[in-house]
Amino acid sequence: MKVILKADVKGSGKKGDILEVSDGYAKNFLLKKGLAEIATASGINEIQQKRTADAYHKAENIKALKDLAAKLNGTEAVVSIRTGENGRTFGSVTTAQVSSALADSGFDIDKKKIILKETIKNLGSYNAEVRLMEGVSAKITVKVIPA
């Protein structure tokens, strides 16, 4: 019997999978517990259309992130930090401060996506990386100036 899974079933498949299972397993377990429905032509067509739409939306999202990475690449984020009389800083520059500086430049980047290669505790320019997703990243420069 062909069934379409409505939920993940351990050992059988994931939600949306079309499976060929024995009649007893389908009737006594999958259908009875509401984990699956009998595969009809319209149900199979609906699953295939949903998969196509999901693939399209994922591709559009990846394209948008790559465009953002291209625009963001080489951008300079200027962060001002309080310094003492000898030029020593109080504390260090955080990813939240870098995210705020990028927001001032027009880029809305989450602080969790910014990776500082080293702890920034002095004035000057430093390299950082913005990882938008797996395989899509941009290199930025963080310029630290006194407040």
# chains A, B, ... in the order shown; residues from 1 in each chain; ligands from 1
>>> select_by_dssp(residues="range 1-57 of chain A", states="strand (DSSP E)", output="ChimeraX atom specification")
/A:2-5,18-20,36-38
>>> write_last_selection(atoms="N, CA, C and O atoms", output="short mmCIF file (atom, residue, chain, number, x, y, z; two decimals), in the first residue's frame")
data_model
loop_
_atom_site.label_atom_id
_atom_site.label_comp_id
_atom_site.auth_asym_id
_atom_site.auth_seq_id
_atom_site.Cartn_x
_atom_site.Cartn_y
_atom_site.Cartn_z
N LYS A 2 0.55 2.22 -0.83
CA LYS A 2 1.30 3.47 -0.89
C LYS A 2 0.69 4.47 0.07
O LYS A 2 -0.51 4.66 0.10
N VAL A 3 1.57 5.10 0.88
CA VAL A 3 1.11 6.10 1.83
C VAL A 3 2.01 7.34 1.74
O VAL A 3 3.16 7.26 1.32
N ILE A 4 1.45 8.48 2.18
CA ILE A 4 2.20 9.72 2.28
C ILE A 4 2.31 10.03 3.76
O ILE A 4 1.30 10.12 4.46
N LEU A 5 3.54 10.17 4.25
CA LEU A 5 3.74 10.43 5.67
C LEU A 5 3.37 11.88 6.02
O LEU A 5 3.75 12.81 5.33
N ILE A 18 6.79 9.56 0.22
CA ILE A 18 5.82 8.61 -0.32
C ILE A 18 6.45 7.23 -0.20
O ILE A 18 7.51 6.97 -0.75
N LEU A 19 5.78 6.35 0.56
CA LEU A 19 6.35 5.03 0.84
C LEU A 19 5.42 3.92 0.39
O LEU A 19 4.21 4.07 0.36
N GLU A 20 6.03 2.79 0.08
CA GLU A 20 5.30 1.55 -0.19
C GLU A 20 5.50 0.67 1.05
O GLU A 20 6.61 0.23 1.31
N ALA A 36 0.10 8.97 8.66
CA ALA A 36 0.14 8.89 7.21
C ALA A 36 -1.27 8.94 6.65
O ALA A 36 -2.25 8.81 7.37
N GLU A 37 -1.34 9.15 5.34
CA GLU A 37 -2.60 9.08 4.62
C GLU A 37 -2.37 8.24 3.37
O GLU A 37 -1.24 8.12 2.90
N ILE A 38 -3.41 7.68 2.86
CA ILE A 38 -3.29 6.86 1.66
C ILE A 38 -2.89 7.77 0.49
O ILE A 38 -3.45 8.85 0.32
#
>>> closest_atom_pairs(of="range 92-114 of chain A", to="range 65-88 of chain A", cutoff="8 Å", atoms="only C-alpha atoms", output="Markdown table")
| residue | atom | partner | partner_atom | distance |
| --- | --- | --- | --- | --- |
| A:Val93 | CA | A:Ile81 | CA | 7.5 |
| A:Gln97 | CA | A:Val79 | CA | 6.7 |
| A:Val98 | CA | A:Ala77 | CA | 6.4 |
| A:Ala101 | CA | A:Ala77 | CA | 5.4 |
| A:Leu102 | CA | A:Ala77 | CA | 5.7 |
| A:Ser105 | CA | A:Ala77 | CA | 7.7 |
| A:Phe107 | CA | A:Leu72 | CA | 7.8 |
>>> write_last_selection(atoms="all heavy atoms", output="PDB file, in the first residue's frame")
ATOM      1  N   VAL A  93      35.891  45.514  21.772  1.00  0.00           N
ATOM      2  CA  VAL A  93      34.836  45.674  20.775  1.00  0.00           C
ATOM      3  C   VAL A  93      34.092  44.342  20.654  1.00  0.00           C
ATOM      4  O   VAL A  93      34.705  43.287  20.507  1.00  0.00           O
ATOM      5  CB  VAL A  93      35.427  46.096  19.416  1.00  0.00           C
ATOM      6  CG1 VAL A  93      34.356  46.156  18.357  1.00  0.00           C
ATOM      7  CG2 VAL A  93      36.135  47.423  19.540  1.00  0.00           C
ATOM      8  N   GLN A  97      28.511  45.630  18.777  1.00  0.00           N
ATOM      9  CA  GLN A  97      28.929  46.961  18.350  1.00  0.00           C
ATOM     10  C   GLN A  97      29.214  46.992  16.848  1.00  0.00           C
ATOM     11  O   GLN A  97      28.883  47.956  16.159  1.00  0.00           O
ATOM     12  CB  GLN A  97      30.167  47.397  19.127  1.00  0.00           C
ATOM     13  CG  GLN A  97      29.885  47.671  20.592  1.00  0.00           C
ATOM     14  CD  GLN A  97      31.158  47.880  21.388  1.00  0.00           C
ATOM     15  OE1 GLN A  97      32.104  47.109  21.257  1.00  0.00           O
ATOM     16  NE2 GLN A  97      31.174  48.920  22.221  1.00  0.00           N
ATOM     17  N   VAL A  98      29.810  45.928  16.333  1.00  0.00           N
ATOM     18  CA  VAL A  98      30.085  45.840  14.896  1.00  0.00           C
ATOM     19  C   VAL A  98      28.766  45.768  14.130  1.00  0.00           C
ATOM     20  O   VAL A  98      28.590  46.424  13.097  1.00  0.00           O
ATOM     21  CB  VAL A  98      30.986  44.630  14.574  1.00  0.00           C
ATOM     22  CG1 VAL A  98      31.189  44.483  13.074  1.00  0.00           C
ATOM     23  CG2 VAL A  98      32.325  44.760  15.279  1.00  0.00           C
ATOM     24  N   ALA A 101      27.289  49.174  13.988  1.00  0.00           N
ATOM     25  CA  ALA A 101      28.009  50.006  13.020  1.00  0.00           C
ATOM     26  C   ALA A 101      27.606  49.643  11.591  1.00  0.00           C
ATOM     27  O   ALA A 101      27.459  50.526  10.734  1.00  0.00           O
ATOM     28  CB  ALA A 101      29.512  49.848  13.205  1.00  0.00           C
ATOM     29  N   LEU A 102      27.388  48.363  11.321  1.00  0.00           N
ATOM     30  CA  LEU A 102      26.937  47.942   9.996  1.00  0.00           C
ATOM     31  C   LEU A 102      25.507  48.403   9.744  1.00  0.00           C
ATOM     32  O   LEU A 102      25.147  48.738   8.614  1.00  0.00           O
ATOM     33  CB  LEU A 102      27.046  46.420   9.846  1.00  0.00           C
ATOM     34  CG  LEU A 102      28.461  45.871   9.688  1.00  0.00           C
ATOM     35  CD1 LEU A 102      28.452  44.350   9.738  1.00  0.00           C
ATOM     36  CD2 LEU A 102      29.088  46.349   8.393  1.00  0.00           C
ATOM     37  N   SER A 105      25.422  51.727   8.430  1.00  0.00           N
ATOM     38  CA  SER A 105      25.790  51.748   7.016  1.00  0.00           C
ATOM     39  C   SER A 105      24.682  51.203   6.118  1.00  0.00           C
ATOM     40  O   SER A 105      24.825  51.189   4.901  1.00  0.00           O
ATOM     41  CB  SER A 105      27.057  50.921   6.783  1.00  0.00           C
ATOM     42  OG  SER A 105      28.122  51.422   7.542  1.00  0.00           O
ATOM     43  N   PHE A 107      23.237  47.965   6.556  1.00  0.00           N
ATOM     44  CA  PHE A 107      23.216  46.504   6.503  1.00  0.00           C
ATOM     45  C   PHE A 107      22.652  45.971   7.811  1.00  0.00           C
ATOM     46  O   PHE A 107      23.183  46.255   8.883  1.00  0.00           O
ATOM     47  CB  PHE A 107      24.636  45.945   6.302  1.00  0.00           C
ATOM     48  CG  PHE A 107      25.264  46.337   5.000  1.00  0.00           C
ATOM     49  CD1 PHE A 107      26.246  47.307   4.961  1.00  0.00           C
ATOM     50  CD2 PHE A 107      24.871  45.735   3.823  1.00  0.00           C
ATOM     51  CE1 PHE A 107      26.833  47.684   3.768  1.00  0.00           C
ATOM     52  CE2 PHE A 107      25.451  46.096   2.617  1.00  0.00           C
ATOM     53  CZ  PHE A 107      26.436  47.073   2.587  1.00  0.00           C
TER      54      PHE A 107
END
>>> residues_around(residues="Arg131 in chain A", least_positions_apart="6", cutoff="10 Å", atoms="only C-alpha atoms", output="PyMOL selection string")
chain A and resi 65+69+109-110+112-115+137-139
>>> residues_around(residues="Gly124 in chain A", least_positions_apart="2", cutoff="9 Å", atoms="only C-alpha atoms", output="PyMOL selection string")
chain A and resi 122+126+142-145
>>> write_last_selection(atoms="all heavy atoms", output="mmCIF file, in the first residue's frame")
data_model
loop_
_atom_site.group_PDB
_atom_site.id
_atom_site.type_symbol
_atom_site.label_atom_id
_atom_site.label_comp_id
_atom_site.auth_asym_id
_atom_site.auth_seq_id
_atom_site.Cartn_x
_atom_site.Cartn_y
_atom_site.Cartn_z
ATOM 1 N N ASN A 122 42.402 47.328 21.109
ATOM 2 C CA ASN A 122 43.217 48.504 20.793
ATOM 3 C C ASN A 122 42.589 49.266 19.640
ATOM 4 O O ASN A 122 41.739 48.732 18.907
ATOM 5 C CB ASN A 122 44.642 48.093 20.414
ATOM 6 C CG ASN A 122 45.366 47.430 21.567
ATOM 7 O OD1 ASN A 122 45.283 47.891 22.695
ATOM 8 N ND2 ASN A 122 46.067 46.349 21.276
ATOM 9 N N TYR A 126 40.916 46.167 11.901
ATOM 10 C CA TYR A 126 40.962 44.716 12.075
ATOM 11 C C TYR A 126 40.079 44.057 11.029
ATOM 12 O O TYR A 126 39.097 44.637 10.572
ATOM 13 C CB TYR A 126 40.471 44.324 13.476
ATOM 14 C CG TYR A 126 41.301 44.910 14.584
ATOM 15 C CD1 TYR A 126 40.995 46.148 15.144
ATOM 16 C CD2 TYR A 126 42.415 44.237 15.069
ATOM 17 C CE1 TYR A 126 41.765 46.698 16.152
ATOM 18 C CE2 TYR A 126 43.192 44.776 16.081
ATOM 19 C CZ TYR A 126 42.856 46.003 16.624
ATOM 20 O OH TYR A 126 43.626 46.537 17.611
ATOM 21 N N VAL A 142 36.945 46.261 10.410
ATOM 22 C CA VAL A 142 36.436 46.945 11.593
ATOM 23 C C VAL A 142 37.477 47.992 11.978
ATOM 24 O O VAL A 142 38.601 47.651 12.331
ATOM 25 C CB VAL A 142 36.174 45.971 12.761
ATOM 26 C CG1 VAL A 142 35.672 46.717 13.973
ATOM 27 C CG2 VAL A 142 35.192 44.889 12.335
ATOM 28 N N LYS A 143 37.087 49.257 11.914
ATOM 29 C CA LYS A 143 37.990 50.357 12.263
ATOM 30 C C LYS A 143 37.571 50.868 13.628
ATOM 31 O O LYS A 143 36.442 51.308 13.817
ATOM 32 C CB LYS A 143 37.928 51.461 11.219
ATOM 33 C CG LYS A 143 38.916 52.555 11.462
ATOM 34 C CD LYS A 143 38.873 53.572 10.339
ATOM 35 C CE LYS A 143 39.911 54.647 10.572
ATOM 36 N NZ LYS A 143 39.866 55.643 9.506
ATOM 37 N N VAL A 144 38.481 50.813 14.579
ATOM 38 C CA VAL A 144 38.205 51.236 15.961
ATOM 39 C C VAL A 144 38.815 52.622 16.162
ATOM 40 O O VAL A 144 40.014 52.811 15.955
ATOM 41 C CB VAL A 144 38.777 50.229 16.975
ATOM 42 C CG1 VAL A 144 38.432 50.640 18.382
ATOM 43 C CG2 VAL A 144 38.264 48.828 16.690
ATOM 44 N N ILE A 145 37.952 53.575 16.542
ATOM 45 C CA ILE A 145 38.407 54.938 16.785
ATOM 46 C C ILE A 145 38.040 55.353 18.205
ATOM 47 O O ILE A 145 37.119 54.783 18.794
ATOM 48 C CB ILE A 145 37.785 55.921 15.756
ATOM 49 C CG1 ILE A 145 36.253 55.895 15.843
ATOM 50 C CG2 ILE A 145 38.258 55.611 14.348
ATOM 51 C CD1 ILE A 145 35.583 56.958 15.006
#
>>> atom_distance(atom1="CA of Gly135 in chain A", atom2="CA of Lys15 in chain A")
27.0 Å
>>> atom_distance(atom1="CA of Gly106 in chain A", atom2="CA of Thr89 in chain A")
26.8 Å
